[in-house]
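Report on the following structure.
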Amino acid sequence: MRVLLTGASGFVGSHLLARFLRTGEHAVAVVLRPGRPHRRIEHLLDRVEVLAGDLAQPEALAEPVQRFAPELVLHAAWANPNSENRDSAQHADHVTHALELVKLAHAAGVRHFVGIGSQAEYGTAAVRADESEPAQPVTFYGVAKLCAGLLSGKLCATFGIRFAWLRLFAAYGPGEDDNWLIPSVGRALLAGQRPATTEGKQRWDYLFVEDVAEAAYRVAVLPSATGIFNLGSGRVQTIREVIETVRDLIDPQARVGFGERAYGPDQVMHMEAKIDRLRQVTGWAPETDLATGLRRTVDWLRRADRV
């Protein structure tokens, strides 16, 4: 299959790229903005076709995309929704980017379109969310992801393109951005510091990033996989337990400042995915338990800190 991937240099996108290249069955093109660092995928770029461009300027991508002639578009590009910008209006731009990408896909004869959504589309309701759960996002990021999914799905239906949308819960693992919880706590502990955190009573659904990539891959290559899918582990762990596991892997005697940070105004206290639909349609199931995934992540943090 000929695959066009956006967001390949990001945390999840880099693992998606590695998964598609693993068997050598697929020809892959990636959209990369010139002048940006691509450290996560530098070792893979000689195996893909690079389309230099920006989704904010779709007219410049029209010819390269048509020349590559993808059958599938996997859309994983989005600004990192960190604590400083997740309620920023900049996320609205990405709704337009998604729609323009669907138009580019249609013009190039694409038959399949898969997008990466977010649990933020559900909002802060303390439930075990399934795909029929009413979407009630509370941040601009969540609203924008919801709009991107709904509108791009409608546009794909108009064009006769198979559409799937994966609402991703909490991905973690090697390559995660430094400002996210697990790497930020891990790096602080490795440096002998005492990280300040919330009380850690949040109950979140964490999924190892390689399992994320495998699930997305199966949805992408399975013609019968359509509509919205939750993408998580189907299990929850308190944030305190996650942090304590990371601490124990680094130094069981290290101290963590639990409760030294307040919960944010839009804090999600319960984030759990019901993944029955994904299992039934694709046969996928998570393979990496949290203890193993955190150990692999800490090992990566140790190596990264030595670079």
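Convention: chains lettered A, B, ... in structure tokens order; per-chain residue numbering from 1; ligands numbered from 1 as shown.
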
Inset, instruction - Just the residues within 6 Å of stretch 173-184 of chain A, please, counting only C-alpha atoms, with nothing from its chain fewer than 3 positions along; format it as JSON, numbers by chain. - result: {"A": [11, 187, 208, 209, 297, 300]}

Legend entry - Spatial neighbours of A:Lys201, 9 Å, only C-alpha atoms, chain gap at least 2 places, as a ChimeraX atom specification: /A:198-199,203,238-241,269

Legend entry - stretch 115-126 of chain A surroundings by only C-alpha atoms, 10 Å radius, close-in-sequence under 6 positions cut, as a VMD selection string: chain A and resid 6 12 to 13 73 to 78 86 98 133 to 149 152 to 153 163 to 170 203 205 216 220 228 to 232 266 to 273

Legend entry - Spatial neighbours of A:Phe20, 12 Å, only C-alpha atoms, chain gap at least 5 places, as a PyMOL selection string: chain A and resi 1-5+8+13-15+25-30+44+47-48+72+74+210+213-218+220-221

Please produce an output containing N, CA and C atoms for each residue in the selection, written as an mmCIF file, in the first residue's frame.
```
data_model
loop_
_atom_site.group_PDB
_atom_site.id
_atom_site.type_symbol
_atom_site.label_atom_id
_atom_site.label_comp_id
_atom_site.auth_asym_id
_atom_site.auth_seq_id
_atom_site.Cartn_x
_atom_site.Cartn_y
_atom_site.Cartn_z
ATOM 1 N N MET A 1 0.835 -1.199 0.000
ATOM 2 C CA MET A 1 0.000 0.000 0.000
ATOM 3 C C MET A 1 0.871 1.250 0.000
ATOM 4 N N ARG A 2 0.410 2.272 -0.696
ATOM 5 C CA ARG A 2 1.122 3.547 -0.732
ATOM 6 C C ARG A 2 0.499 4.453 0.331
ATOM 7 N N VAL A 3 1.324 4.888 1.283
ATOM 8 C CA VAL A 3 0.838 5.559 2.487
ATOM 9 C C VAL A 3 1.438 6.953 2.599
ATOM 10 N N LEU A 4 0.573 7.939 2.847
ATOM 11 C CA LEU A 4 1.025 9.298 3.149
ATOM 12 C C LEU A 4 0.783 9.550 4.627
ATOM 13 N N LEU A 5 1.847 9.876 5.360
ATOM 14 C CA LEU A 5 1.776 10.081 6.798
ATOM 15 C C LEU A 5 2.109 11.522 7.135
ATOM 16 N N ALA A 8 4.873 12.711 11.140
ATOM 17 C CA ALA A 8 5.811 11.607 11.319
ATOM 18 C C ALA A 8 6.943 11.921 12.281
ATOM 19 N N GLY A 13 3.663 9.836 15.864
ATOM 20 C CA GLY A 13 3.907 9.699 14.430
ATOM 21 C C GLY A 13 5.173 8.939 14.104
ATOM 22 N N SER A 14 6.220 9.127 14.893
ATOM 23 C CA SER A 14 7.477 8.425 14.622
ATOM 24 C C SER A 14 7.318 6.919 14.793
ATOM 25 N N HIS A 15 6.511 6.511 15.758
ATOM 26 C CA HIS A 15 6.265 5.084 15.954
ATOM 27 C C HIS A 15 5.327 4.530 14.882
ATOM 28 N N GLU A 25 6.423 -3.815 3.232
ATOM 29 C CA GLU A 25 5.297 -4.003 2.313
ATOM 30 C C GLU A 25 4.758 -2.692 1.753
ATOM 31 N N HIS A 26 5.063 -1.569 2.397
ATOM 32 C CA HIS A 26 4.411 -0.310 2.065
ATOM 33 C C HIS A 26 5.411 0.723 1.559
ATOM 34 N N ALA A 27 4.971 1.504 0.583
ATOM 35 C CA ALA A 27 5.724 2.687 0.160
ATOM 36 C C ALA A 27 5.167 3.860 0.949
ATOM 37 N N VAL A 28 6.037 4.582 1.651
ATOM 38 C CA VAL A 28 5.585 5.624 2.576
ATOM 39 C C VAL A 28 6.179 6.976 2.191
ATOM 40 N N ALA A 29 5.323 7.983 2.183
ATOM 41 C CA ALA A 29 5.758 9.370 2.042
ATOM 42 C C ALA A 29 5.369 10.115 3.304
ATOM 43 N N VAL A 30 6.215 11.051 3.725
ATOM 44 C CA VAL A 30 5.931 11.841 4.921
ATOM 45 C C VAL A 30 5.982 13.322 4.565
ATOM 46 N N LEU A 44 15.274 6.868 9.688
ATOM 47 C CA LEU A 44 14.292 6.244 8.803
ATOM 48 C C LEU A 44 14.102 6.995 7.484
ATOM 49 N N ARG A 47 14.420 5.691 3.893
ATOM 50 C CA ARG A 47 13.494 4.636 3.472
ATOM 51 C C ARG A 47 12.124 5.192 3.078
ATOM 52 N N VAL A 48 11.980 6.512 3.081
ATOM 53 C CA VAL A 48 10.692 7.117 2.760
ATOM 54 C C VAL A 48 10.886 8.220 1.723
ATOM 55 N N LEU A 72 -3.638 5.556 0.940
ATOM 56 C CA LEU A 72 -4.051 5.794 2.323
ATOM 57 C C LEU A 72 -3.388 7.059 2.847
ATOM 58 N N LEU A 74 -2.724 8.793 6.551
ATOM 59 C CA LEU A 74 -2.787 8.666 8.006
ATOM 60 C C LEU A 74 -2.379 10.009 8.589
ATOM 61 N N GLU A 210 4.122 1.725 21.323
ATOM 62 C CA GLU A 210 4.201 0.698 20.287
ATOM 63 C C GLU A 210 2.862 -0.015 20.107
ATOM 64 N N ALA A 213 0.788 2.327 17.982
ATOM 65 C CA ALA A 213 1.144 2.220 16.570
ATOM 66 C C ALA A 213 0.567 0.963 15.939
ATOM 67 N N GLU A 214 0.587 -0.144 16.668
ATOM 68 C CA GLU A 214 0.047 -1.396 16.119
ATOM 69 C C GLU A 214 -1.456 -1.286 15.895
ATOM 70 N N ALA A 215 -2.175 -0.684 16.849
ATOM 71 C CA ALA A 215 -3.620 -0.524 16.695
ATOM 72 C C ALA A 215 -3.946 0.370 15.506
ATOM 73 N N ALA A 216 -3.241 1.490 15.393
ATOM 74 C CA ALA A 216 -3.484 2.406 14.280
ATOM 75 C C ALA A 216 -3.156 1.735 12.951
ATOM 76 N N TYR A 217 -2.111 0.952 12.928
ATOM 77 C CA TYR A 217 -1.739 0.233 11.714
ATOM 78 C C TYR A 217 -2.859 -0.712 11.278
ATOM 79 N N ARG A 218 -3.399 -1.458 12.230
ATOM 80 C CA ARG A 218 -4.456 -2.416 11.885
ATOM 81 C C ARG A 218 -5.699 -1.713 11.355
ATOM 82 N N ALA A 220 -5.723 1.141 9.872
ATOM 83 C CA ALA A 220 -5.362 1.738 8.581
ATOM 84 C C ALA A 220 -5.437 0.733 7.443
ATOM 85 N N VAL A 221 -4.991 -0.483 7.664
ATOM 86 C CA VAL A 221 -4.904 -1.446 6.564
ATOM 87 C C VAL A 221 -6.132 -2.338 6.442
#
```

Inset, instruction - Determine the nearest neighbour of A:Phe68 from the options A:Ala285, A:Ala108, A:Thr197, A:Asn80, counting only C-alpha atoms. - result: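 Once distances to A:Phe68 are computed over only C-alpha atoms, the minimum belongs to A:Ala108.
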
Inset, instruction - Take atom CA of A:Ser9 and atom CA of A:His38 and report the distance between them in Å, one decimal. - result: 5.4 Å
